[in-house]
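Visitor: Mind having a look at this structure? Questions to follow.
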Amino acid sequence: SSHGHCLPIVSDADEEALIWIHFTDFVRIKGINIVGPGDSQSPASVKLYSNRIGITGFEAVRRLEPDQRLQLANGPEVSELLYLVDQHKFSSVQNIALFFDSNYGADETGIVRIEFFGETTGQQVDKQLATTLVFESRANPA
């Protein structure tokens with residue numbers, strides 16, 4: 001793998017993975033970089049949900065219309081790819097859910113890195129909410 005010693009977070013039982021991130025400040029997200037392991041485990045698409053309450057798991061996220069869906073590339077160049085997001089829908093983000101619903105043919109999906117590009121709005125999020133980071137996938141012990 002071109003990502004050195006980085007072990008991916010790997011989905012649990014199938015290709016679906018749900019990652020939910022809370023920010024400490026409201027942020028304007030302009031773009032996102034998503035890197036998989038560079039093989040068939042790499043995610044092929046992701047659905048983005050901004051500021052949604054009630055995303056408690058896979059059943060909940062499947063019922064919701066995403067704010068944006070991104071088709072993701074696979075290969076050595078992905079670490080340099082910036083996927084632009086709809087700036088109106090991601091202009092004041094407190095939390096974001098990323099639902100990876102497909103990959104490039106493997107039984108499980110692996111994610112090495114997720115990087116957001118943008119800026120803070122300067123407005124602070126409620127401190128209790130800001131400490132939560134939920135991964136509905138587990139680290140690969142291999």
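Residues are referred to by chain and number: the chain letter is A, B, ... according to the order shown in the structure tokens, the number counts from 1 in that chain, and ligands are numbered separately from 1 in the order shown.
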Would you kindly return, as a CSV table (one decimal) with N, CA and C atoms, in the first residue's frame, each protein, DNA or RNA residue with an atom no farther than 7 Å from any atom of Phe117 of chain A, considering only C-alpha atoms and excluding same-chain residues fewer than 3 positions away?

Guide:
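Output (out.csv):
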chain,number,residue,atom,x,y,z
A,29,ILE,N,-17.3,23.7,5.3
A,29,ILE,CA,-16.5,22.7,4.6
A,29,ILE,C,-16.6,23.0,3.1
A,30,LYS,N,-15.4,23.1,2.5
A,30,LYS,CA,-15.3,23.4,1.1
A,30,LYS,C,-14.9,22.2,0.3
A,31,GLY,N,-14.2,21.3,0.9
A,31,GLY,CA,-13.8,20.0,0.2
A,31,GLY,C,-13.4,19.0,1.2
A,32,ILE,N,-13.3,17.8,0.7
A,32,ILE,CA,-13.0,16.6,1.5
A,32,ILE,C,-12.0,15.7,0.7

Visitor: What's around Pro37 of chain A at 10 Å? Count only C-alpha atoms, leave out sequence neighbours fewer than 5 positions away in its own chain, and write the answer as a PyMOL selection string.

Guide: chain A and resi 1-4+6-10+42-43+74-76+78+109-113

Visitor: Which is closest to Ala97 of chain A among A:Ser50, A:Ser79, A:Gln124, A:Gln68, if we use only C-alpha atoms?

Guide: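 Comparing A:Ser50, A:Ser79, A:Gln124, A:Gln68 against Ala97 of chain A, the winner is A:Ser50.
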
Visitor: As a list in words, please: the residues near Ala17 of chain A (cut-off 10 Å, only C-alpha atoms, same-chain neighbours under 6 positions excluded).

Guide: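 Skipping anything fewer than 6 positions along the chain leaves Ile9, Val10, Ser11, Pro43, Val46, Gly57, Phe58, Leu98, Phe99, Phe100, Asp101, Ser102, Glu108, Thr109, Gly110, Ile111, Phe135, Glu136, Ser137 and Arg138 of chain A.
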
Visitor: Would you please give, as a list of chain:residue names, all residues of chain A that DSSP assigns to alpha helix (DSSP H) based on the backbone?

Guide: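 The alpha helix (DSSP H) residues within chain A come out as A:Phe58, A:Glu59, A:Ala60, A:Val61, A:Arg62, A:Lys127, A:Gln128, A:Leu129, A:Ala130.
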
Visitor: Given the selection you just returned, output its residues as a file containing N, CA, C and O atoms, formatted as a PDB file, in the first residue's frame.

Guide:
ATOM      1  N   PHE A  58     -27.232   2.430  10.868  1.00  0.00           N
ATOM      2  CA  PHE A  58     -27.406   2.203   9.434  1.00  0.00           C
ATOM      3  C   PHE A  58     -28.862   2.329   8.986  1.00  0.00           C
ATOM      4  O   PHE A  58     -29.143   2.880   7.932  1.00  0.00           O
ATOM      5  N   GLU A  59     -29.808   1.802   9.773  1.00  0.00           N
ATOM      6  CA  GLU A  59     -31.220   1.890   9.383  1.00  0.00           C
ATOM      7  C   GLU A  59     -31.660   3.341   9.273  1.00  0.00           C
ATOM      8  O   GLU A  59     -32.360   3.722   8.337  1.00  0.00           O
ATOM      9  N   ALA A  60     -31.236   4.175  10.223  1.00  0.00           N
ATOM     10  CA  ALA A  60     -31.615   5.591  10.211  1.00  0.00           C
ATOM     11  C   ALA A  60     -31.030   6.314   9.000  1.00  0.00           C
ATOM     12  O   ALA A  60     -31.724   7.079   8.331  1.00  0.00           O
ATOM     13  N   VAL A  61     -29.766   6.062   8.702  1.00  0.00           N
ATOM     14  CA  VAL A  61     -29.118   6.786   7.608  1.00  0.00           C
ATOM     15  C   VAL A  61     -29.674   6.348   6.251  1.00  0.00           C
ATOM     16  O   VAL A  61     -29.753   7.144   5.318  1.00  0.00           O
ATOM     17  N   ARG A  62     -30.106   5.106   6.127  1.00  0.00           N
ATOM     18  CA  ARG A  62     -30.667   4.630   4.847  1.00  0.00           C
ATOM     19  C   ARG A  62     -31.994   5.321   4.517  1.00  0.00           C
ATOM     20  O   ARG A  62     -32.361   5.415   3.358  1.00  0.00           O
ATOM     21  N   LYS A 127     -20.189  22.511  24.168  1.00  0.00           N
ATOM     22  CA  LYS A 127     -19.027  21.704  24.567  1.00  0.00           C
ATOM     23  C   LYS A 127     -19.350  20.212  24.723  1.00  0.00           C
ATOM     24  O   LYS A 127     -18.550  19.362  24.381  1.00  0.00           O
ATOM     25  N   GLN A 128     -20.515  19.875  25.264  1.00  0.00           N
ATOM     26  CA  GLN A 128     -20.834  18.468  25.479  1.00  0.00           C
ATOM     27  C   GLN A 128     -20.960  17.711  24.158  1.00  0.00           C
ATOM     28  O   GLN A 128     -20.569  16.565  24.058  1.00  0.00           O
ATOM     29  N   LEU A 129     -21.505  18.356  23.143  1.00  0.00           N
ATOM     30  CA  LEU A 129     -21.629  17.712  21.842  1.00  0.00           C
ATOM     31  C   LEU A 129     -20.280  17.586  21.144  1.00  0.00           C
ATOM     32  O   LEU A 129     -20.062  16.674  20.373  1.00  0.00           O
ATOM     33  N   ALA A 130     -19.377  18.495  21.446  1.00  0.00           N
ATOM     34  CA  ALA A 130     -18.129  18.578  20.694  1.00  0.00           C
ATOM     35  C   ALA A 130     -17.152  17.443  20.982  1.00  0.00           C
ATOM     36  O   ALA A 130     -16.194  17.256  20.271  1.00  0.00           O
TER      37      ALA A 130
END

Visitor: Which is closest to Ile21 of chain A among A:Ile34, A:Ala106, A:Ile114, A:Leu81, if we use only C-alpha atoms?

Guide: A:Ile114

Visitor: Kindly indicate which residue among A:Phe116, A:Phe90, A:Tyr104, A:Trp20 lies nearest to Ile53 of chain A, using only C-alpha atoms for the distances.

Guide: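 Using only C-alpha atoms, Ile53 of chain A sits closest to A:Trp20.
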
Visitor: Name the residues of chain A that fall into strand (DSSP E) according to DSSP on the backbone, using the chain letters and numbers of this document, as a ChimeraX atom specification.

Guide: /A:9-10,17-35,43-50,68-71,83-84,93-103,110-111,113-124,133-135,138-139

Visitor: Using only C-alpha atoms, determine which residues lie at most 10 Å from Arg28 of chain A, disregarding the query and same-chain residues fewer than 4 positions distant; provide the list as a PyMOL selection string.

Guide: chain A and resi 87-94+116-121

Visitor: What gap, in Å, lies between atom CA of Leu18 of chain A and atom CA of Asp67 of chain A?

Guide: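 The value is 15.1 Å.
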